[in-house]
Structure formats: structure tokens, C-alpha cells
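J.: input.cif is the file, holding mmCIF, C-alpha atoms and all ligand atoms:
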data_work
loop_
_atom_site.label_atom_id
_atom_site.label_comp_id
_atom_site.auth_asym_id
_atom_site.auth_seq_id
_atom_site.Cartn_x
_atom_site.Cartn_y
_atom_site.Cartn_z
CA MET G 1 -25.71 -106.52 -108.50
CA ALA G 2 -21.96 -106.44 -108.09
CA ASP G 3 -19.81 -106.04 -111.19
CA ASP G 4 -18.25 -109.37 -112.18
CA ARG G 5 -14.63 -108.32 -111.98
CA HIS G 6 -14.91 -105.84 -109.15
CA PRO G 7 -17.11 -107.14 -106.38
CA SER G 8 -18.99 -104.41 -104.54
CA ALA G 9 -17.86 -103.77 -101.00
CA GLU G 10 -20.95 -101.71 -100.22
CA ASN G 11 -23.62 -104.38 -100.24
CA SER G 12 -24.33 -105.71 -96.80
CA GLN G 13 -26.93 -108.23 -98.04
CA PRO G 14 -26.23 -111.49 -99.83
CA THR G 15 -26.98 -111.11 -103.56
CA THR G 16 -27.38 -113.58 -106.37
CA ASP G 17 -26.66 -113.63 -110.08
CA ASN G 18 -29.68 -115.91 -110.57
CA ALA G 19 -32.63 -116.80 -108.42
CA LEU G 20 -31.58 -119.09 -105.59
CA PRO G 21 -33.38 -122.40 -105.36
CA PRO G 22 -35.84 -122.99 -102.57
CA ARG G 23 -33.85 -125.25 -100.23
CA ALA G 24 -35.24 -128.64 -99.46
CA SER G 25 -34.35 -131.24 -96.90
CA ALA G 26 -31.18 -130.00 -95.22
CA ALA G 27 -32.78 -126.76 -94.01
CA ALA G 28 -33.61 -127.93 -90.51
CA THR G 29 -30.48 -129.98 -89.82
CA PRO G 30 -27.29 -128.16 -88.78
CA TYR G 31 -24.42 -129.33 -90.97
CA THR G 32 -21.56 -131.23 -89.37
CA GLY G 33 -18.45 -131.97 -91.40
CA PRO G 34 -16.76 -135.34 -91.87
CA ASP G 35 -14.01 -136.84 -89.72
CA PRO G 36 -10.71 -135.22 -90.86
CA THR G 37 -8.62 -138.38 -90.29
CA ARG G 38 -10.93 -140.39 -92.50
CA ILE G 39 -10.89 -137.66 -95.17
CA LYS G 40 -7.10 -137.44 -95.20
CA THR G 41 -6.77 -141.23 -95.56
CA MET G 42 -9.40 -141.31 -98.30
CA PHE G 43 -7.77 -138.58 -100.41
CA GLY G 44 -4.33 -140.11 -99.81
CA SER G 45 -5.55 -143.37 -101.30
CA ILE G 46 -7.21 -141.87 -104.41
CA ALA G 47 -4.63 -139.10 -105.06
CA ALA G 48 -2.86 -140.84 -107.97
CA ARG G 49 -6.16 -141.37 -109.84
CA TYR G 50 -7.97 -138.20 -108.70
CA ASP G 51 -7.44 -136.14 -111.89
CA ARG G 52 -8.41 -139.03 -114.18
CA ALA G 53 -11.59 -139.60 -112.17
CA ASN G 54 -12.53 -135.90 -112.47
CA THR G 55 -12.14 -136.09 -116.25
CA VAL G 56 -14.24 -139.26 -116.52
CA LEU G 57 -16.94 -138.00 -114.15
CA SER G 58 -17.39 -134.46 -115.43
CA GLY G 59 -15.44 -134.05 -118.69
CA PRO G 60 -14.36 -130.43 -119.20
CA VAL G 61 -17.08 -129.03 -116.91
CA HIS G 62 -15.02 -128.93 -113.72
CA HIS G 63 -12.31 -126.91 -115.51
CA LEU G 64 -14.96 -124.48 -116.83
CA TRP G 65 -16.31 -124.01 -113.29
CA ARG G 66 -12.81 -123.27 -111.96
CA ARG G 67 -12.21 -120.77 -114.77
CA THR G 68 -15.50 -119.05 -113.89
CA ALA G 69 -14.36 -118.92 -110.26
CA VAL G 70 -11.11 -117.20 -111.25
CA ARG G 71 -12.87 -114.66 -113.49
CA TRP G 72 -15.54 -113.95 -110.87
CA SER G 73 -12.97 -113.46 -108.11
CA GLY G 74 -11.87 -110.13 -109.61
CA VAL G 75 -8.22 -111.26 -109.53
CA GLU G 76 -5.71 -108.82 -111.02
CA PRO G 77 -2.18 -109.30 -112.37
CA GLY G 78 0.27 -109.08 -109.46
CA ASP G 79 -2.23 -110.33 -106.83
CA ALA G 80 -1.37 -112.78 -104.06
CA VAL G 81 -3.74 -115.78 -104.00
CA LEU G 82 -4.04 -118.64 -101.52
CA ASP G 83 -5.84 -121.76 -102.78
CA CYS G 84 -6.88 -123.93 -99.82
CA ALA G 85 -7.64 -127.67 -100.04
CA THR G 86 -5.93 -127.31 -103.39
CA GLY G 87 -5.70 -131.07 -103.99
CA THR G 88 -3.70 -131.63 -107.17
CA GLY G 89 -3.63 -127.86 -107.72
CA ASP G 90 -6.02 -127.21 -110.62
CA LEU G 91 -7.57 -124.01 -109.20
CA ALA G 92 -4.16 -122.71 -108.10
CA ILE G 93 -2.88 -123.30 -111.64
CA ALA G 94 -5.88 -121.42 -113.10
CA PHE G 95 -5.19 -118.48 -110.74
CA LYS G 96 -1.50 -118.43 -111.65
CA LYS G 97 -2.42 -117.72 -115.29
CA SER G 98 -4.30 -114.59 -114.15
CA VAL G 99 -1.84 -113.17 -111.60
CA GLY G 100 1.05 -113.44 -114.08
CA PRO G 101 4.78 -113.44 -113.33
CA ASN G 102 4.53 -110.65 -110.73
CA GLY G 103 1.75 -112.35 -108.81
CA ARG G 104 2.04 -115.08 -106.20
CA VAL G 105 -0.05 -118.22 -105.79
CA VAL G 106 0.25 -120.55 -102.81
CA GLY G 107 -1.64 -123.85 -102.69
CA THR G 108 -2.25 -125.73 -99.44
CA ASP G 109 -3.85 -129.06 -98.57
CA PHE G 110 -3.63 -131.35 -95.54
CA THR G 111 -3.13 -134.52 -97.65
CA PRO G 112 0.58 -134.83 -98.54
CA GLU G 113 -0.09 -137.24 -101.45
CA MET G 114 -2.24 -134.57 -103.17
CA ILE G 115 0.38 -131.85 -102.59
CA ASP G 116 3.14 -134.08 -104.04
CA LEU G 117 1.16 -134.36 -107.30
CA ALA G 118 0.37 -130.63 -107.38
CA ARG G 119 4.09 -129.86 -107.09
CA ILE G 120 4.81 -132.00 -110.17
CA LYS G 121 2.09 -130.21 -112.18
CA ALA G 122 3.15 -126.61 -111.45
CA ARG G 123 6.67 -125.64 -110.45
CA ASP G 124 5.92 -121.89 -110.42
CA ILE G 125 3.44 -122.29 -107.55
CA THR G 126 4.36 -122.86 -103.90
CA PHE G 127 2.52 -125.86 -102.48
CA GLU G 128 2.47 -126.55 -98.75
CA VAL G 129 0.88 -129.15 -96.51
CA ALA G 130 -1.50 -127.19 -94.25
CA ASP G 131 -4.94 -127.53 -92.68
CA VAL G 132 -7.42 -124.84 -93.76
CA THR G 133 -8.69 -124.64 -90.17
CA ALA G 134 -5.20 -123.59 -88.93
CA LEU G 135 -3.50 -121.69 -91.75
CA PRO G 136 0.21 -120.94 -91.20
CA PHE G 137 -0.02 -117.37 -92.58
CA ASP G 138 -0.21 -113.89 -91.04
CA ASP G 139 -3.41 -111.85 -91.06
CA ASP G 140 -4.07 -109.87 -94.30
CA SER G 141 -1.38 -111.74 -96.32
CA PHE G 142 -3.42 -112.38 -99.48
CA ASP G 143 -5.76 -110.56 -101.89
CA ILE G 144 -7.83 -113.69 -102.43
CA ALA G 145 -8.30 -117.02 -100.64
CA SER G 146 -10.12 -119.74 -102.57
CA ILE G 147 -11.34 -123.29 -102.05
CA SER G 148 -12.89 -125.56 -104.70
CA PHE G 149 -14.77 -128.74 -103.82
CA GLY G 150 -12.92 -128.65 -100.52
CA ILE G 151 -15.12 -126.94 -97.92
CA ARG G 152 -17.63 -129.85 -97.96
CA ASN G 153 -14.77 -132.11 -96.83
CA VAL G 154 -13.58 -129.94 -93.95
CA GLY G 155 -14.45 -131.19 -90.46
CA ASP G 156 -15.24 -127.66 -89.24
CA PRO G 157 -16.12 -125.68 -92.39
CA ALA G 158 -16.96 -122.47 -90.48
CA LYS G 159 -13.47 -122.50 -88.96
CA GLY G 160 -12.05 -122.97 -92.46
CA ILE G 161 -13.98 -119.94 -93.74
CA ALA G 162 -12.88 -117.91 -90.70
CA GLU G 163 -9.23 -118.77 -91.35
CA MET G 164 -9.50 -117.90 -95.05
CA ALA G 165 -11.05 -114.52 -94.16
CA ARG G 166 -8.36 -113.88 -91.55
CA VAL G 167 -5.46 -114.22 -94.03
CA VAL G 168 -7.17 -112.01 -96.67
CA ARG G 169 -6.75 -108.21 -96.53
CA PRO G 170 -9.84 -106.01 -96.03
CA GLY G 171 -11.54 -105.63 -99.42
CA GLY G 172 -10.03 -108.92 -100.60
CA ARG G 173 -12.22 -111.91 -101.43
CA VAL G 174 -12.94 -115.38 -100.11
CA ILE G 175 -14.03 -117.55 -103.06
CA VAL G 176 -15.79 -120.88 -102.53
CA LEU G 177 -16.73 -123.32 -105.31
CA GLU G 178 -18.77 -126.27 -104.08
CA PHE G 179 -21.46 -128.72 -105.11
CA GLY G 180 -25.08 -127.81 -104.51
CA GLN G 181 -28.45 -129.27 -105.37
CA PRO G 182 -30.32 -128.10 -108.51
CA SER G 183 -33.68 -126.40 -107.89
CA ASN G 184 -35.23 -127.14 -111.28
CA ARG G 185 -37.24 -130.38 -110.98
CA LEU G 186 -36.11 -131.97 -114.22
CA ALA G 187 -32.44 -131.03 -113.69
CA SER G 188 -32.69 -132.26 -110.11
CA ALA G 189 -34.19 -135.62 -111.14
CA LEU G 190 -31.58 -136.18 -113.87
CA TYR G 191 -28.67 -135.12 -111.67
CA ASP G 192 -29.90 -137.18 -108.69
CA SER G 193 -30.10 -140.23 -110.88
CA TYR G 194 -26.58 -139.66 -112.24
CA ARG G 195 -25.20 -138.95 -108.77
CA ARG G 196 -26.79 -142.00 -107.12
CA HIS G 197 -26.45 -144.63 -109.81
CA PHE G 198 -23.45 -143.73 -111.98
CA LEU G 199 -21.08 -141.60 -109.95
CA PRO G 200 -20.09 -144.20 -107.31
CA ARG G 201 -19.73 -146.94 -109.97
CA LEU G 202 -17.71 -144.82 -112.39
CA GLY G 203 -15.55 -143.26 -109.66
CA GLY G 204 -15.02 -146.71 -108.16
CA ALA G 205 -14.06 -148.18 -111.54
CA VAL G 206 -11.49 -145.44 -112.24
CA THR G 207 -9.91 -145.26 -108.78
CA GLY G 208 -10.61 -148.68 -107.27
CA GLU G 209 -12.07 -146.81 -104.27
CA ARG G 210 -15.84 -146.93 -104.66
CA GLY G 211 -16.32 -145.87 -101.03
CA ALA G 212 -14.75 -142.48 -101.78
CA TYR G 213 -17.30 -141.85 -104.52
CA GLU G 214 -20.19 -143.07 -102.37
CA TYR G 215 -19.02 -140.46 -99.88
CA LEU G 216 -18.88 -137.82 -102.67
CA GLU G 217 -22.45 -138.75 -103.65
CA SER G 218 -23.86 -138.51 -100.14
CA SER G 219 -21.91 -135.42 -99.07
CA ALA G 220 -22.83 -133.49 -102.25
CA ALA G 221 -26.52 -134.37 -101.69
CA LYS G 222 -26.64 -132.84 -98.23
CA PHE G 223 -24.08 -130.03 -98.21
CA PRO G 224 -25.77 -126.65 -97.55
CA CYS G 225 -25.99 -124.48 -100.65
CA GLY G 226 -27.30 -121.05 -101.61
CA ASP G 227 -28.72 -119.04 -98.69
CA GLU G 228 -27.79 -121.72 -96.15
CA PHE G 229 -24.12 -121.61 -97.08
CA VAL G 230 -24.20 -117.79 -97.11
CA ALA G 231 -25.56 -117.94 -93.55
CA MET G 232 -22.66 -120.21 -92.59
CA MET G 233 -20.18 -117.74 -94.11
CA ASN G 234 -21.81 -114.84 -92.26
CA ARG G 235 -21.59 -116.73 -88.96
CA ALA G 236 -17.95 -117.63 -89.60
CA ALA G 237 -16.44 -114.22 -90.46
CA SER G 238 -17.16 -110.58 -91.16
CA PHE G 239 -17.95 -109.88 -94.83
CA THR G 240 -19.21 -106.59 -96.29
CA SER G 241 -21.01 -108.55 -99.03
CA ILE G 242 -21.51 -112.11 -100.16
CA ASP G 243 -22.51 -112.87 -103.75
CA VAL G 244 -23.81 -116.22 -104.95
CA LYS G 245 -23.72 -117.71 -108.43
CA PRO G 246 -25.36 -121.05 -109.23
CA LEU G 247 -23.52 -122.96 -111.96
CA THR G 248 -25.06 -125.52 -114.36
CA PHE G 249 -28.59 -125.50 -112.87
CA GLY G 250 -27.18 -125.38 -109.32
CA ILE G 251 -25.14 -128.58 -109.56
CA ALA G 252 -22.36 -126.33 -108.26
CA TYR G 253 -22.31 -122.92 -106.58
CA LEU G 254 -19.84 -120.08 -106.41
CA TYR G 255 -19.69 -117.80 -103.35
CA ARG G 256 -17.73 -114.56 -103.17
CA GLY G 257 -17.34 -112.90 -99.80
CA VAL G 258 -15.69 -109.47 -99.61
CA VAL G 259 -13.68 -109.30 -96.40
CA SER G 260 -14.45 -106.32 -94.16
C1 LIG E 1 -12.39 -133.02 -103.61
S1 LIG E 1 -10.76 -132.53 -103.26
C2 LIG E 1 -10.67 -130.95 -104.08
C3 LIG E 1 -9.31 -130.65 -104.60
C4 LIG E 1 -9.19 -129.43 -105.49
N1 LIG E 1 -9.44 -128.21 -104.78
C5 LIG E 1 -10.06 -129.53 -106.71
O1 LIG E 1 -10.82 -128.60 -106.99
O2 LIG E 1 -9.98 -130.53 -107.43
C6 LIG E 1 -10.88 -132.07 -101.56
C7 LIG E 1 -9.54 -131.76 -100.94
O3 LIG E 1 -9.79 -131.17 -99.67
C8 LIG E 1 -8.71 -131.50 -98.84
N2 LIG E 1 -9.06 -131.20 -97.45
C9 LIG E 1 -10.12 -131.68 -96.75
N3 LIG E 1 -10.12 -131.16 -95.50
C10 LIG E 1 -9.05 -130.32 -95.42
C11 LIG E 1 -8.52 -129.49 -94.40
N4 LIG E 1 -9.10 -129.42 -93.19
N5 LIG E 1 -7.43 -128.75 -94.67
C12 LIG E 1 -6.84 -128.82 -95.89
N6 LIG E 1 -7.27 -129.61 -96.88
C13 LIG E 1 -8.37 -130.35 -96.67
C14 LIG E 1 -8.45 -132.96 -99.17
O4 LIG E 1 -7.19 -133.39 -98.77
C15 LIG E 1 -8.65 -132.95 -100.68
O5 LIG E 1 -7.43 -132.78 -101.36
#
Please go through the file and, once you have read it, give me the structure as C-alpha cells.
Ligand SMILES: C[S@@+](CC[C@H](N)C(=O)[O-])C[C@H]1O[C@@H](n2cnc3c(N)ncnc32)[C@H](O)[C@@H]1O
T.:
Amino acid sequence: MADDRHPSAENSQPTTDNALPPRASAAATPYTGPDPTRIKTMFGSIAARYDRANTVLSGPVHHLWRRTAVRWSGVEPGDAVLDCATGTGDLAIAFKKSVGPNGRVVGTDFTPEMIDLARIKARDITFEVADVTALPFDDDSFDIASISFGIRNVGDPAKGIAEMARVVRPGGRVIVLEFGQPSNRLASALYDSYRRHFLPRLGGAVTGERGAYEYLESSAAKFPCGDEFVAMMNRAASFTSIDVKPLTFGIAYLYRGVVS
């Protein structure tokens, strides 16, 4: 098992912090991402109420997950970090606290309305409008590239992973935080019920865009997690190791790929 702050570069096999769930329905169906134009329009229309909706829907939990992602990334003071699909910038802001004044954090997203809000929240971070599938950065420019709750929304997620790996130096890390599906039966039943019945209503009530939260519900239910997502990462780019960490019964997952 890789050390939490210093991911092993020697492991060639995917490893887990906890047992991975047996995957259910999505196993046989290759994943195809959503239409990027539709996604950009959708996030443009909910941008102003996005943060409030996150707070109502998950309380402090989404911040705890992002903090775990930062800790688990092995980030060091002075590092250069790229946060892709940064939205309103919460993960980029969490990374900035760890890299300190000598470090550099860049946040990118292809929805300008989200980037405008991120810029207001953190003036010490550079935010740029950019598509994760065509990053405007040289090879090996960053120590870490991250994406939280973004990869599920990318039209070609494998291309997104490949681009993130390209801009990270060898030995650096690609960090992905994304929804999964709990393996435990009771947790799965409770979470499914919340996701189906409450999430679209609550999200719709807060943002006035119920369709966006119906999309969140259905995309989170089918997005590949655990071993399936590791397989996607391995197909997309060359990693010397990929570690997996289920969070909160597998409602979310963290993936850490060490770039070879
Ligand atoms: C659910 S939000 C996540 C935002 C933020 N990372 C967070 O943790 O709250 C998904 C974000 O992915 C962005 N996105 C989707 N596809 C993208 C792409 N191809 N390139 C860049 N950003 C993308 C959307 O614009 C949106 O801001």
C-alpha cells in the first residue's frame, strides 16, 4: 500500500485503501460522456447558485472530500498544481493552502460563468477558460493535475485524463475525485433513495434548474467507478501506479495515478 503523502511509483498494479465494491450494472456497457455543448450551457445557467446548492445537498461533506483529495495527492509547499474543470474553484483554493506562497495553482474550466465566480473567490489563483481535453499548457508543466466532480461531465473523459497526464511531470500525480456507487447494500439503498427522490427536487428548488440535478442523479448512477475507472485511466495514459480510495461508503471515489 502506498504511503498517503508519498504515492509509490513502483507499483504497477492498481491498489486500494479499502476493498473495492463488486461493480454492478455498468460493467458491460462502455461509458460515453455527455454532449459538451449541453454541459457548458447547463453549468452556465446554474453557476450563480452552484455553491449554495452544494451546501444544501451535501453540507460540509463535499469540502471534507476535497480536503482528503489534497492530503492524499502528496502535494508539497512550492508545488505547481493544475485543477481542471475547477468550476467555482473550491479544489484549487484547497490546494493553494497547501502549496503556500511559493507554490502555483492554476484553475481551468470551459464554462466562463464558473470561472468568473472562481476569480472573485480567490485572487491569488490564476483561473483560465480551457477545455480539459485540449489543455493550453506544455508537457510536464505541473506536479499535480486534479479534477473533482468534473470527469463525469467531460464528453471524452479518456482524452481529459490523457491531457492531464501529459501536462504533469514524470512522478507527478493525476488526482480524480468523482461520484461512485456504494457497494454496501444498506448504504446503497439509502443513497439511491436520496439520489433519486430528494436530490433533483432539492437541487431544482435551490437553483431553479431541476433538469441539471436530474442529470447529476442519472450520471452519478452510471459513471464507472473503482476498477472500471482505473481501467479507463490505464487506457488513457501511462501510469506507474493507480491507487483508489472509496469515500463515505463509495458515494465518492478518489483516484491517484502516478505519471510515468
Ligand atoms: C460539477 S462541476 C465541478 C466543479 C468543481 N470542480 C467542484 O468540485 O465543485 C463540473 C464542472 O466541469 C466543467 N466541465 C465539464 N466538461 C469540461 C471540459 N471538457 N473542460 C473543462 N471543464 C469542463 C463544467 O463547466 C463544470 O464547471
J.: In Å to one decimal, how far is atom CA of G:Thr41 from atom CA of G:Val168?
T.: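 Calculated distance between atom CA of G:Val168 and atom CA of G:Thr41 is 29.2 Å.
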J.: For ligand LIG 1 (chain E), list the contacting residues at 6 Å or closer, counting only C-alpha atoms and all ligand atoms, as a PyMOL selection string.
T.: chain G and resi 40+43+85-87+109-111+114+130-133+147-150+153-154
J.: Write the residues of the selection above to a file with C-alpha atoms, as a PDB file, keeping the file's coordinate frame.
T.:
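Result file result_33.pdb:
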ATOM      1  CA  LYS G  40      -7.100-137.440 -95.200  1.00  0.00           C
ATOM      2  CA  PHE G  43      -7.770-138.580-100.410  1.00  0.00           C
ATOM      3  CA  ALA G  85      -7.640-127.670-100.040  1.00  0.00           C
ATOM      4  CA  THR G  86      -5.930-127.310-103.390  1.00  0.00           C
ATOM      5  CA  GLY G  87      -5.700-131.070-103.990  1.00  0.00           C
ATOM      6  CA  ASP G 109      -3.850-129.060 -98.570  1.00  0.00           C
ATOM      7  CA  PHE G 110      -3.630-131.350 -95.540  1.00  0.00           C
ATOM      8  CA  THR G 111      -3.130-134.520 -97.650  1.00  0.00           C
ATOM      9  CA  MET G 114      -2.240-134.570-103.170  1.00  0.00           C
ATOM     10  CA  ALA G 130      -1.500-127.190 -94.250  1.00  0.00           C
ATOM     11  CA  ASP G 131      -4.940-127.530 -92.680  1.00  0.00           C
ATOM     12  CA  VAL G 132      -7.420-124.840 -93.760  1.00  0.00           C
ATOM     13  CA  THR G 133      -8.690-124.640 -90.170  1.00  0.00           C
ATOM     14  CA  ILE G 147     -11.340-123.290-102.050  1.00  0.00           C
ATOM     15  CA  SER G 148     -12.890-125.560-104.700  1.00  0.00           C
ATOM     16  CA  PHE G 149     -14.770-128.740-103.820  1.00  0.00           C
ATOM     17  CA  GLY G 150     -12.920-128.650-100.520  1.00  0.00           C
ATOM     18  CA  ASN G 153     -14.770-132.110 -96.830  1.00  0.00           C
ATOM     19  CA  VAL G 154     -13.580-129.940 -93.950  1.00  0.00           C
TER      20      VAL G 154
END
J.: Go through G:Asp156, G:Glu178, G:Asp51, G:Asp138 and flag the residue nearest G:Ala118, using all atoms listed in the file for the distances.
T.: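 Of all the options, G:Asp51 lies closest to G:Ala118.
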J.: What lies within 12 Å of G:Phe249 using all atoms listed in the file, ignoring chain neighbours under 2 positions off, as a PyMOL selection string?
T.: chain G and resi 18-21+179-191+245-247+251-253
J.: Write out as number ranges by chain the residues lying within 10 Å of G:Pro34, counting only C-alpha atoms and excluding same-chain residues fewer than 2 positions away.
T.: G: 31-32, 36-39, 152-157, 215, 219
J.: Figure out the distance between atom CA of G:Gly74 and atom CA of G:Gly160, please, to one decimal in Å.
T.: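 A separation of 21.4 Å between them.
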J.: Reconstruct N, CA and C atoms of stretch 234-259 of chain G; output as a CSV table (one decimal), in the frame of the given file.
T.:
chain,number,residue,atom,x,y,z
G,234,ASN,N,-21.6,-116.0,-93.1
G,234,ASN,CA,-21.8,-114.8,-92.3
G,234,ASN,C,-21.6,-115.1,-90.8
G,235,ARG,N,-21.9,-116.4,-90.4
G,235,ARG,CA,-21.6,-116.7,-89.0
G,235,ARG,C,-20.1,-116.9,-88.7
G,236,ALA,N,-19.4,-117.3,-89.8
G,236,ALA,CA,-18.0,-117.6,-89.6
G,236,ALA,C,-17.0,-116.4,-89.6
G,237,ALA,N,-17.4,-115.4,-90.3
G,237,ALA,CA,-16.4,-114.2,-90.5
G,237,ALA,C,-17.2,-113.0,-90.8
G,238,SER,N,-16.5,-111.8,-90.9
G,238,SER,CA,-17.2,-110.6,-91.2
G,238,SER,C,-16.9,-110.2,-92.6
G,239,PHE,N,-18.0,-110.2,-93.4
G,239,PHE,CA,-18.0,-109.9,-94.8
G,239,PHE,C,-18.8,-108.7,-95.1
G,240,THR,N,-18.4,-107.7,-95.9
G,240,THR,CA,-19.2,-106.6,-96.3
G,240,THR,C,-20.3,-107.0,-97.3
G,241,SER,N,-20.0,-108.0,-98.1
G,241,SER,CA,-21.0,-108.6,-99.0
G,241,SER,C,-20.7,-110.0,-99.3
G,242,ILE,N,-21.7,-110.7,-99.7
G,242,ILE,CA,-21.5,-112.1,-100.2
G,242,ILE,C,-22.4,-112.3,-101.4
G,243,ASP,N,-21.8,-112.6,-102.5
G,243,ASP,CA,-22.5,-112.9,-103.8
G,243,ASP,C,-22.6,-114.4,-104.0
G,244,VAL,N,-23.6,-114.8,-104.7
G,244,VAL,CA,-23.8,-116.2,-105.0
G,244,VAL,C,-24.1,-116.4,-106.4
G,245,LYS,N,-23.5,-117.4,-107.0
G,245,LYS,CA,-23.7,-117.7,-108.4
G,245,LYS,C,-23.9,-119.2,-108.6
G,246,PRO,N,-25.2,-119.6,-108.9
G,246,PRO,CA,-25.4,-121.0,-109.2
G,246,PRO,C,-24.7,-121.4,-110.6
G,247,LEU,N,-24.1,-122.5,-110.7
G,247,LEU,CA,-23.5,-123.0,-112.0
G,247,LEU,C,-24.2,-124.2,-112.4
G,248,THR,N,-24.5,-124.3,-113.7
G,248,THR,CA,-25.1,-125.5,-114.4
G,248,THR,C,-26.3,-126.0,-113.6
G,249,PHE,N,-27.3,-125.2,-113.5
G,249,PHE,CA,-28.6,-125.5,-112.9
G,249,PHE,C,-28.5,-125.7,-111.4
G,250,GLY,N,-27.3,-125.2,-110.8
G,250,GLY,CA,-27.2,-125.4,-109.3
G,250,GLY,C,-26.5,-126.7,-108.9
G,251,ILE,N,-25.9,-127.4,-109.9
G,251,ILE,CA,-25.1,-128.6,-109.6
G,251,ILE,C,-23.9,-128.1,-108.7
G,252,ALA,N,-23.4,-126.9,-109.1
G,252,ALA,CA,-22.4,-126.3,-108.3
G,252,ALA,C,-22.7,-124.9,-108.0
G,253,TYR,N,-22.1,-124.3,-107.0
G,253,TYR,CA,-22.3,-122.9,-106.6
G,253,TYR,C,-21.0,-122.2,-106.4
G,254,LEU,N,-21.0,-120.9,-106.7
G,254,LEU,CA,-19.8,-120.1,-106.4
G,254,LEU,C,-20.3,-119.1,-105.4
G,255,TYR,N,-19.4,-118.8,-104.4
G,255,TYR,CA,-19.7,-117.8,-103.4
G,255,TYR,C,-18.5,-116.9,-103.3
G,256,ARG,N,-18.8,-115.6,-103.2
G,256,ARG,CA,-17.7,-114.6,-103.2
G,256,ARG,C,-18.0,-113.6,-102.0
G,257,GLY,N,-17.2,-113.8,-101.0
G,257,GLY,CA,-17.3,-112.9,-99.8
G,257,GLY,C,-16.2,-111.8,-99.8
G,258,VAL,N,-16.7,-110.6,-99.7
G,258,VAL,CA,-15.7,-109.5,-99.6
G,258,VAL,C,-15.4,-109.2,-98.1
G,259,VAL,N,-14.1,-109.4,-97.8
G,259,VAL,CA,-13.7,-109.3,-96.4
G,259,VAL,C,-13.7,-107.9,-95.9
